[in-house]
file protein02.cif (mmCIF, N, CA and C atoms)
data_upload
#
loop_
_atom_site.label_atom_id
_atom_site.label_comp_id
_atom_site.auth_asym_id
_atom_site.auth_seq_id
_atom_site.Cartn_x
_atom_site.Cartn_y
_atom_site.Cartn_z
N MET A 1 -45.52 -80.96 -80.77
CA MET A 1 -46.09 -80.71 -79.46
C MET A 1 -46.94 -79.43 -79.51
N ARG A 2 -48.16 -79.51 -79.06
CA ARG A 2 -49.06 -78.37 -79.04
C ARG A 2 -48.90 -77.64 -77.72
N HIS A 3 -48.78 -76.34 -77.79
CA HIS A 3 -48.64 -75.52 -76.60
C HIS A 3 -49.95 -74.83 -76.30
N SER A 4 -50.24 -74.70 -75.02
CA SER A 4 -51.41 -73.95 -74.59
C SER A 4 -50.91 -72.82 -73.71
N PHE A 5 -50.98 -71.61 -74.25
CA PHE A 5 -50.46 -70.46 -73.54
C PHE A 5 -51.53 -69.84 -72.65
N LEU A 6 -51.16 -69.57 -71.41
CA LEU A 6 -52.07 -69.00 -70.43
C LEU A 6 -51.36 -67.89 -69.65
N GLY A 7 -52.13 -66.93 -69.18
CA GLY A 7 -51.59 -65.92 -68.28
C GLY A 7 -51.33 -64.59 -68.95
N GLU A 8 -51.03 -63.62 -68.09
CA GLU A 8 -50.78 -62.25 -68.56
C GLU A 8 -49.56 -61.71 -67.83
N TYR A 9 -48.68 -61.06 -68.58
CA TYR A 9 -47.42 -60.56 -68.05
C TYR A 9 -47.19 -59.15 -68.58
N GLN A 10 -46.52 -58.31 -67.79
CA GLN A 10 -46.22 -56.96 -68.26
C GLN A 10 -44.72 -56.72 -68.18
N TYR A 11 -44.17 -56.18 -69.27
CA TYR A 11 -42.74 -55.89 -69.36
C TYR A 11 -42.55 -54.54 -70.06
N ASN A 12 -41.33 -54.01 -69.92
CA ASN A 12 -40.97 -52.80 -70.64
C ASN A 12 -40.33 -53.17 -71.97
N ILE A 13 -40.55 -52.31 -72.96
CA ILE A 13 -39.88 -52.42 -74.26
C ILE A 13 -38.60 -51.59 -74.13
N ASP A 14 -37.47 -52.13 -74.54
CA ASP A 14 -36.24 -51.33 -74.46
C ASP A 14 -36.13 -50.38 -75.65
N SER A 15 -35.11 -49.55 -75.64
CA SER A 15 -34.96 -48.52 -76.68
C SER A 15 -34.74 -49.10 -78.08
N LYS A 16 -34.38 -50.37 -78.16
CA LYS A 16 -34.18 -51.03 -79.46
C LYS A 16 -35.41 -51.82 -79.91
N GLY A 17 -36.52 -51.70 -79.17
CA GLY A 17 -37.75 -52.41 -79.55
C GLY A 17 -37.76 -53.87 -79.15
N ARG A 18 -36.97 -54.22 -78.13
CA ARG A 18 -36.91 -55.61 -77.68
C ARG A 18 -37.82 -55.80 -76.48
N LEU A 19 -38.44 -56.97 -76.44
CA LEU A 19 -39.37 -57.32 -75.38
C LEU A 19 -39.04 -58.70 -74.85
N ILE A 20 -39.05 -58.85 -73.54
CA ILE A 20 -38.81 -60.15 -72.91
C ILE A 20 -40.03 -61.04 -73.11
N ILE A 21 -39.80 -62.26 -73.51
CA ILE A 21 -40.86 -63.27 -73.57
C ILE A 21 -40.83 -63.99 -72.22
N PRO A 22 -41.98 -64.14 -71.55
CA PRO A 22 -41.99 -64.78 -70.24
C PRO A 22 -41.32 -66.15 -70.27
N ALA A 23 -40.61 -66.47 -69.21
CA ALA A 23 -39.87 -67.73 -69.12
C ALA A 23 -40.77 -68.93 -69.37
N ASP A 24 -42.02 -68.87 -68.90
CA ASP A 24 -42.96 -69.98 -69.09
C ASP A 24 -43.22 -70.29 -70.56
N PHE A 25 -43.02 -69.32 -71.43
CA PHE A 25 -43.35 -69.48 -72.86
C PHE A 25 -42.13 -69.74 -73.73
N ARG A 26 -40.95 -69.52 -73.22
CA ARG A 26 -39.74 -69.53 -74.07
C ARG A 26 -39.47 -70.87 -74.74
N GLU A 27 -39.75 -71.97 -74.07
CA GLU A 27 -39.47 -73.28 -74.65
C GLU A 27 -40.20 -73.44 -76.00
N ALA A 28 -41.42 -72.94 -76.08
CA ALA A 28 -42.21 -73.06 -77.31
C ALA A 28 -41.64 -72.22 -78.44
N PHE A 29 -40.82 -71.21 -78.10
CA PHE A 29 -40.31 -70.28 -79.11
C PHE A 29 -38.80 -70.43 -79.32
N GLN A 30 -38.27 -71.63 -79.05
CA GLN A 30 -36.84 -71.87 -79.24
C GLN A 30 -36.45 -71.83 -80.71
N ASP A 31 -37.37 -72.25 -81.58
CA ASP A 31 -37.11 -72.18 -83.01
C ASP A 31 -37.64 -70.85 -83.54
N GLU A 32 -37.43 -70.62 -84.81
CA GLU A 32 -37.97 -69.42 -85.45
C GLU A 32 -39.50 -69.41 -85.32
N PHE A 33 -40.08 -68.24 -85.13
CA PHE A 33 -41.53 -68.11 -85.02
C PHE A 33 -41.97 -66.86 -85.77
N VAL A 34 -43.28 -66.60 -85.81
CA VAL A 34 -43.81 -65.50 -86.62
C VAL A 34 -44.63 -64.56 -85.76
N ILE A 35 -44.44 -63.26 -85.98
CA ILE A 35 -45.28 -62.24 -85.36
C ILE A 35 -45.95 -61.44 -86.47
N THR A 36 -47.15 -60.98 -86.21
CA THR A 36 -47.89 -60.20 -87.19
C THR A 36 -48.93 -59.34 -86.47
N LYS A 37 -49.62 -58.52 -87.25
CA LYS A 37 -50.72 -57.72 -86.71
C LYS A 37 -51.81 -58.64 -86.22
N GLY A 38 -52.47 -58.25 -85.13
CA GLY A 38 -53.62 -58.99 -84.63
C GLY A 38 -54.90 -58.37 -85.13
N TYR A 39 -56.02 -59.08 -84.94
CA TYR A 39 -57.31 -58.54 -85.34
C TYR A 39 -57.61 -57.24 -84.61
N ASP A 40 -57.35 -57.21 -83.33
CA ASP A 40 -57.50 -55.99 -82.54
C ASP A 40 -56.17 -55.25 -82.62
N PRO A 41 -56.06 -54.07 -82.04
CA PRO A 41 -54.76 -53.38 -82.11
C PRO A 41 -53.74 -54.03 -81.18
N CYS A 42 -53.29 -55.22 -81.58
CA CYS A 42 -52.29 -55.96 -80.82
C CYS A 42 -51.39 -56.69 -81.82
N ILE A 43 -50.43 -57.41 -81.30
CA ILE A 43 -49.51 -58.19 -82.11
C ILE A 43 -49.72 -59.66 -81.77
N PHE A 44 -49.92 -60.50 -82.80
CA PHE A 44 -50.02 -61.94 -82.62
C PHE A 44 -48.61 -62.52 -82.67
N VAL A 45 -48.34 -63.51 -81.82
CA VAL A 45 -47.07 -64.24 -81.83
C VAL A 45 -47.42 -65.72 -81.94
N PHE A 46 -46.99 -66.32 -83.05
CA PHE A 46 -47.30 -67.73 -83.34
C PHE A 46 -46.04 -68.58 -83.30
N THR A 47 -46.12 -69.77 -82.70
CA THR A 47 -45.06 -70.75 -82.90
C THR A 47 -45.07 -71.10 -84.39
N SER A 48 -44.04 -71.75 -84.87
CA SER A 48 -44.00 -72.14 -86.28
C SER A 48 -45.19 -73.02 -86.64
N LYS A 49 -45.51 -73.96 -85.77
CA LYS A 49 -46.61 -74.89 -86.04
C LYS A 49 -47.95 -74.16 -86.06
N ALA A 50 -48.19 -73.28 -85.09
CA ALA A 50 -49.45 -72.52 -85.05
C ALA A 50 -49.55 -71.59 -86.26
N TRP A 51 -48.42 -71.01 -86.68
CA TRP A 51 -48.43 -70.15 -87.86
C TRP A 51 -48.81 -70.95 -89.11
N GLN A 52 -48.25 -72.15 -89.25
CA GLN A 52 -48.58 -72.98 -90.40
C GLN A 52 -50.08 -73.25 -90.48
N LYS A 53 -50.72 -73.51 -89.35
CA LYS A 53 -52.17 -73.74 -89.34
C LYS A 53 -52.91 -72.46 -89.71
N PHE A 54 -52.51 -71.33 -89.11
CA PHE A 54 -53.14 -70.04 -89.38
C PHE A 54 -52.98 -69.69 -90.86
N GLU A 55 -51.78 -69.88 -91.39
CA GLU A 55 -51.50 -69.60 -92.79
C GLU A 55 -52.35 -70.49 -93.69
N SER A 56 -52.46 -71.76 -93.35
CA SER A 56 -53.28 -72.69 -94.14
C SER A 56 -54.74 -72.25 -94.15
N ASP A 57 -55.24 -71.83 -92.99
CA ASP A 57 -56.62 -71.34 -92.92
C ASP A 57 -56.81 -70.11 -93.79
N LEU A 58 -55.86 -69.18 -93.73
CA LEU A 58 -55.96 -67.97 -94.55
C LEU A 58 -55.90 -68.29 -96.04
N ASN A 59 -55.09 -69.27 -96.38
CA ASN A 59 -54.93 -69.62 -97.80
C ASN A 59 -56.17 -70.30 -98.38
N GLN A 60 -57.15 -70.61 -97.54
CA GLN A 60 -58.41 -71.16 -98.03
C GLN A 60 -59.31 -70.05 -98.61
N LEU A 61 -58.96 -68.79 -98.31
CA LEU A 61 -59.75 -67.67 -98.80
C LEU A 61 -59.58 -67.51 -100.31
N SER A 62 -60.59 -67.02 -100.97
CA SER A 62 -60.55 -66.85 -102.41
C SER A 62 -59.74 -65.61 -102.82
N MET A 63 -58.81 -65.82 -103.73
CA MET A 63 -58.02 -64.72 -104.27
C MET A 63 -58.89 -63.78 -105.13
N TYR A 64 -60.09 -64.22 -105.47
CA TYR A 64 -60.98 -63.42 -106.31
C TYR A 64 -61.83 -62.46 -105.49
N ASP A 65 -61.77 -62.58 -104.19
CA ASP A 65 -62.55 -61.74 -103.30
C ASP A 65 -61.67 -60.61 -102.76
N ARG A 66 -62.06 -59.37 -103.02
CA ARG A 66 -61.25 -58.21 -102.62
C ARG A 66 -61.00 -58.19 -101.11
N GLU A 67 -62.02 -58.48 -100.31
CA GLU A 67 -61.86 -58.44 -98.86
C GLU A 67 -60.91 -59.53 -98.38
N ALA A 68 -60.96 -60.69 -99.03
CA ALA A 68 -60.03 -61.77 -98.69
C ALA A 68 -58.60 -61.34 -99.00
N ARG A 69 -58.40 -60.71 -100.15
CA ARG A 69 -57.05 -60.22 -100.50
C ARG A 69 -56.57 -59.19 -99.49
N ASN A 70 -57.47 -58.31 -99.05
CA ASN A 70 -57.10 -57.31 -98.04
C ASN A 70 -56.67 -57.98 -96.74
N LEU A 71 -57.39 -59.03 -96.34
CA LEU A 71 -57.05 -59.74 -95.12
C LEU A 71 -55.69 -60.43 -95.25
N LEU A 72 -55.43 -61.03 -96.41
CA LEU A 72 -54.14 -61.67 -96.65
C LEU A 72 -53.01 -60.64 -96.58
N ARG A 73 -53.21 -59.48 -97.20
CA ARG A 73 -52.19 -58.42 -97.13
C ARG A 73 -51.95 -57.98 -95.69
N PHE A 74 -53.05 -57.84 -94.95
CA PHE A 74 -52.97 -57.41 -93.56
C PHE A 74 -52.07 -58.34 -92.75
N PHE A 75 -52.33 -59.63 -92.82
CA PHE A 75 -51.56 -60.58 -92.00
C PHE A 75 -50.18 -60.88 -92.56
N PHE A 76 -50.07 -61.18 -93.86
CA PHE A 76 -48.78 -61.56 -94.42
C PHE A 76 -47.86 -60.35 -94.60
N GLY A 77 -48.43 -59.22 -95.03
CA GLY A 77 -47.62 -58.02 -95.20
C GLY A 77 -47.07 -57.48 -93.90
N GLY A 78 -47.79 -57.70 -92.82
CA GLY A 78 -47.34 -57.22 -91.52
C GLY A 78 -46.48 -58.21 -90.76
N ALA A 79 -46.30 -59.41 -91.30
CA ALA A 79 -45.62 -60.48 -90.58
C ALA A 79 -44.10 -60.36 -90.63
N ALA A 80 -43.46 -60.92 -89.61
CA ALA A 80 -42.00 -60.99 -89.55
C ALA A 80 -41.61 -62.29 -88.86
N ARG A 81 -40.53 -62.90 -89.35
CA ARG A 81 -39.98 -64.08 -88.68
C ARG A 81 -39.06 -63.60 -87.57
N CYS A 82 -39.12 -64.25 -86.44
CA CYS A 82 -38.35 -63.83 -85.27
C CYS A 82 -37.67 -65.02 -84.61
N SER A 83 -36.73 -64.70 -83.75
CA SER A 83 -36.14 -65.70 -82.87
C SER A 83 -35.77 -65.00 -81.57
N LEU A 84 -35.65 -65.78 -80.51
CA LEU A 84 -35.28 -65.22 -79.21
C LEU A 84 -33.78 -64.98 -79.16
N ASP A 85 -33.39 -63.90 -78.49
CA ASP A 85 -31.96 -63.70 -78.25
C ASP A 85 -31.57 -64.46 -76.97
N ARG A 86 -30.34 -64.34 -76.55
CA ARG A 86 -29.86 -65.10 -75.39
C ARG A 86 -30.56 -64.71 -74.09
N GLN A 87 -31.13 -63.51 -74.04
CA GLN A 87 -31.83 -63.06 -72.84
C GLN A 87 -33.34 -63.36 -72.90
N GLY A 88 -33.77 -64.09 -73.94
CA GLY A 88 -35.18 -64.45 -74.05
C GLY A 88 -36.04 -63.30 -74.56
N ARG A 89 -35.44 -62.40 -75.35
CA ARG A 89 -36.17 -61.25 -75.89
C ARG A 89 -36.39 -61.43 -77.39
N ILE A 90 -37.42 -60.72 -77.87
CA ILE A 90 -37.64 -60.62 -79.31
C ILE A 90 -37.52 -59.16 -79.71
N LYS A 91 -37.09 -58.94 -80.93
CA LYS A 91 -37.04 -57.60 -81.51
C LYS A 91 -38.33 -57.43 -82.31
N ILE A 92 -39.15 -56.48 -81.89
CA ILE A 92 -40.43 -56.25 -82.56
C ILE A 92 -40.23 -55.15 -83.60
N PRO A 93 -40.57 -55.42 -84.85
CA PRO A 93 -40.42 -54.39 -85.89
C PRO A 93 -41.24 -53.14 -85.55
N THR A 94 -40.70 -52.00 -85.91
CA THR A 94 -41.32 -50.72 -85.60
C THR A 94 -42.76 -50.64 -86.11
N HIS A 95 -43.02 -51.15 -87.32
CA HIS A 95 -44.39 -51.03 -87.86
C HIS A 95 -45.40 -51.77 -87.00
N LEU A 96 -45.00 -52.84 -86.33
CA LEU A 96 -45.92 -53.56 -85.46
C LEU A 96 -46.13 -52.82 -84.14
N LEU A 97 -45.07 -52.21 -83.62
CA LEU A 97 -45.21 -51.41 -82.40
C LEU A 97 -46.15 -50.23 -82.65
N ILE A 98 -46.02 -49.60 -83.81
CA ILE A 98 -46.89 -48.48 -84.16
C ILE A 98 -48.34 -48.96 -84.30
N TYR A 99 -48.54 -50.07 -85.00
CA TYR A 99 -49.88 -50.62 -85.19
C TYR A 99 -50.57 -50.87 -83.84
N ALA A 100 -49.83 -51.46 -82.89
CA ALA A 100 -50.41 -51.80 -81.59
C ALA A 100 -50.33 -50.65 -80.59
N LYS A 101 -49.80 -49.51 -81.02
CA LYS A 101 -49.66 -48.34 -80.14
C LYS A 101 -48.88 -48.66 -78.86
N ILE A 102 -47.82 -49.43 -79.03
CA ILE A 102 -46.97 -49.82 -77.90
C ILE A 102 -45.75 -48.91 -77.90
N THR A 103 -45.48 -48.30 -76.75
CA THR A 103 -44.31 -47.44 -76.64
C THR A 103 -43.33 -47.97 -75.59
N LYS A 104 -43.63 -47.81 -74.31
CA LYS A 104 -42.68 -48.21 -73.27
C LYS A 104 -43.03 -49.50 -72.57
N GLU A 105 -44.30 -49.78 -72.43
CA GLU A 105 -44.72 -50.99 -71.73
C GLU A 105 -45.59 -51.84 -72.65
N ALA A 106 -45.57 -53.15 -72.37
CA ALA A 106 -46.41 -54.07 -73.14
C ALA A 106 -46.91 -55.16 -72.22
N LYS A 107 -48.13 -55.60 -72.50
CA LYS A 107 -48.67 -56.77 -71.80
C LYS A 107 -48.65 -57.92 -72.79
N ILE A 108 -48.19 -59.06 -72.32
CA ILE A 108 -48.18 -60.29 -73.11
C ILE A 108 -49.23 -61.20 -72.51
N THR A 109 -50.15 -61.64 -73.34
CA THR A 109 -51.24 -62.49 -72.89
C THR A 109 -51.21 -63.82 -73.64
N GLY A 110 -51.30 -64.91 -72.90
CA GLY A 110 -51.38 -66.22 -73.51
C GLY A 110 -52.82 -66.49 -73.93
N ILE A 111 -53.02 -66.78 -75.21
CA ILE A 111 -54.36 -67.03 -75.76
C ILE A 111 -54.34 -68.40 -76.44
N SER A 112 -54.29 -69.46 -75.66
CA SER A 112 -54.35 -70.82 -76.16
C SER A 112 -53.19 -71.16 -77.08
N ASP A 113 -53.34 -70.93 -78.40
CA ASP A 113 -52.30 -71.34 -79.35
C ASP A 113 -51.36 -70.21 -79.78
N ARG A 114 -51.53 -69.02 -79.20
CA ARG A 114 -50.68 -67.89 -79.58
C ARG A 114 -50.52 -66.95 -78.39
N LEU A 115 -49.58 -66.03 -78.53
CA LEU A 115 -49.46 -64.93 -77.58
C LEU A 115 -50.00 -63.68 -78.26
N GLU A 116 -50.49 -62.74 -77.47
CA GLU A 116 -50.84 -61.42 -77.95
C GLU A 116 -50.05 -60.41 -77.15
N ILE A 117 -49.51 -59.41 -77.86
CA ILE A 117 -48.76 -58.33 -77.22
C ILE A 117 -49.58 -57.06 -77.37
N TRP A 118 -49.84 -56.40 -76.25
CA TRP A 118 -50.76 -55.27 -76.20
C TRP A 118 -50.15 -54.03 -75.55
N ASN A 119 -50.68 -52.88 -75.93
CA ASN A 119 -50.52 -51.67 -75.14
C ASN A 119 -51.33 -51.95 -73.87
N PRO A 120 -50.75 -51.81 -72.67
CA PRO A 120 -51.48 -52.16 -71.44
C PRO A 120 -52.82 -51.45 -71.27
N THR A 121 -52.88 -50.18 -71.62
CA THR A 121 -54.13 -49.42 -71.48
C THR A 121 -55.19 -49.97 -72.42
N ALA A 122 -54.82 -50.28 -73.65
CA ALA A 122 -55.78 -50.81 -74.63
C ALA A 122 -56.32 -52.16 -74.16
N LEU A 123 -55.46 -53.03 -73.63
CA LEU A 123 -55.92 -54.33 -73.16
C LEU A 123 -56.85 -54.17 -71.96
N ASP A 124 -56.50 -53.27 -71.05
CA ASP A 124 -57.37 -53.03 -69.89
C ASP A 124 -58.75 -52.56 -70.32
N GLU A 125 -58.81 -51.70 -71.34
CA GLU A 125 -60.10 -51.22 -71.84
C GLU A 125 -60.90 -52.36 -72.46
N ILE A 126 -60.25 -53.20 -73.24
CA ILE A 126 -60.95 -54.32 -73.88
C ILE A 126 -61.43 -55.32 -72.84
N ASN A 127 -60.64 -55.51 -71.79
CA ASN A 127 -61.00 -56.48 -70.75
C ASN A 127 -62.07 -55.94 -69.79
N ASN A 128 -62.49 -54.71 -69.97
CA ASN A 128 -63.50 -54.11 -69.11
C ASN A 128 -64.89 -54.40 -69.68
N PHE A 129 -65.35 -55.63 -69.53
CA PHE A 129 -66.67 -56.03 -70.02
C PHE A 129 -67.26 -57.03 -69.05
N ASP A 130 -68.52 -57.30 -69.20
CA ASP A 130 -69.23 -58.25 -68.35
C ASP A 130 -69.06 -59.65 -68.95
N ALA A 131 -68.10 -60.40 -68.45
CA ALA A 131 -67.78 -61.72 -69.00
C ALA A 131 -68.95 -62.69 -68.89
N ALA A 132 -69.67 -62.66 -67.79
CA ALA A 132 -70.80 -63.58 -67.61
C ALA A 132 -71.89 -63.29 -68.63
N LYS A 133 -72.16 -62.02 -68.87
CA LYS A 133 -73.19 -61.64 -69.84
C LYS A 133 -72.79 -62.08 -71.25
N LEU A 134 -71.52 -61.83 -71.62
CA LEU A 134 -71.05 -62.22 -72.94
C LEU A 134 -71.09 -63.74 -73.10
N ALA A 135 -70.66 -64.48 -72.08
CA ALA A 135 -70.69 -65.94 -72.16
C ALA A 135 -72.11 -66.45 -72.35
N SER A 136 -73.06 -65.83 -71.67
CA SER A 136 -74.46 -66.21 -71.81
C SER A 136 -74.95 -65.97 -73.23
N GLN A 137 -74.59 -64.83 -73.80
CA GLN A 137 -75.00 -64.50 -75.16
C GLN A 137 -74.39 -65.47 -76.17
N LEU A 138 -73.10 -65.75 -76.04
CA LEU A 138 -72.44 -66.65 -76.97
C LEU A 138 -72.97 -68.07 -76.86
N THR A 139 -73.26 -68.49 -75.65
CA THR A 139 -73.81 -69.82 -75.44
C THR A 139 -75.19 -69.94 -76.09
N ALA A 140 -76.00 -68.88 -75.94
CA ALA A 140 -77.34 -68.88 -76.53
C ALA A 140 -77.25 -68.96 -78.06
N GLU A 141 -76.25 -68.29 -78.66
CA GLU A 141 -76.07 -68.31 -80.11
C GLU A 141 -75.66 -69.70 -80.60
N MET A 142 -74.96 -70.45 -79.77
CA MET A 142 -74.49 -71.78 -80.17
C MET A 142 -75.62 -72.80 -80.17
N HIS A 143 -76.70 -72.52 -79.45
CA HIS A 143 -77.79 -73.51 -79.33
C HIS A 143 -78.98 -73.12 -80.14
#

call {"tool": "encode", "arguments": {"input": "protein02.cif", "output": "structure tokens"}}
result
Amino acid sequence: MRHSFLGEYQYNIDSKGRLIIPADFREAFQDEFVITKGYDPCIFVFTSKAWQKFESDLNQLSMYDREARNLLRFFFGGAARCSLDRQGRIKIPTHLLIYAKITKEAKITGISDRLEIWNPTALDEINNFDAAKLASQLTAEMH
């Protein structure tokens, strides 16, 4: 079953690095899933199926290319397998919290096939752009 994640939620991180996963998303994460560094300073959260696709795409990169190896290290070296606890929380490894500059609060955003976990201030800054202008530019590039 393919999940399409939508919406934005804000929660506090507890002193043990645990974060509540929104109830709307928990069914998709009942089995083991994978978290890793995101392209931006955020944390990607993949269902097992979405991770398999992402991993397969990454494995298409050439091992002979230094930049490809760096990208593989970035994603696989930063990755951790997770599961939800009884309260619907995940334990986020310290290195990922540091990477995303998350301390007390986090925003969880549904991005189609994955979740992203952000420092709220960083996400607000990234979301401060002219969406109509960007859509126009991207559409023009496609044609």

call {"tool": "residues_around", "arguments": {"input": "protein02.cif", "residues": "range 96-113 of chain A", "least_positions_apart": "6", "cutoff": "8 Å", "atoms": "only N, CA and C atoms", "output": "count of residues only"}}
result
33

call {"tool": "select_by_dssp", "arguments": {"input": "protein02.cif", "residues": "range 15-87 of chain A", "states": "helix (DSSP H, G or I)", "output": "NGL selection string"}}
result
:A and (23-29 or 48-58 or 66-77)

call {"tool": "atom_distance", "arguments": {"input": "protein02.cif", "atom1": "CA of Ala80 in chain A", "atom2": "CA of Val34 in chain A"}}
result
5.7 Å

call {"tool": "select_by_dssp", "arguments": {"input": "protein02.cif", "residues": "chain A", "states": "strand (DSSP E or B)", "output": "VMD selection string"}}
result
chain A and resid 5 8 to 12 18 to 20 33 to 37 43 to 46 80 to 82 89 to 91 105 to 112 114 to 118

call {"tool": "resolve_selection", "arguments": {"input": "protein02.cif", "expression": "the PyMOL selection byres ((chain A and resi 19) around 5)", "output": "list in words"}}
result
Gly17, Arg18, Ile20, Ile21, Arg89 and Ile90 of chain A

call {"tool": "atom_distance", "arguments": {"input": "protein02.cif", "atom1": "CA of Ser83 in chain A", "atom2": "CA of His95 in chain A"}}
result
17.6 Å

call {"tool": "atom_distance", "arguments": {"input": "protein02.cif", "atom1": "atom C of Ala23 in chain A", "atom2": "CA of Gly88 in chain A"}}
result
8.6 Å

call {"tool": "closest_residue", "arguments": {"input": "protein02.cif", "among": "A:Ala122, A:Gln137, A:Ala132, A:Ile117", "to": "Phe44 in chain A", "atoms": "only C-alpha atoms"}}
result
A:Ile117
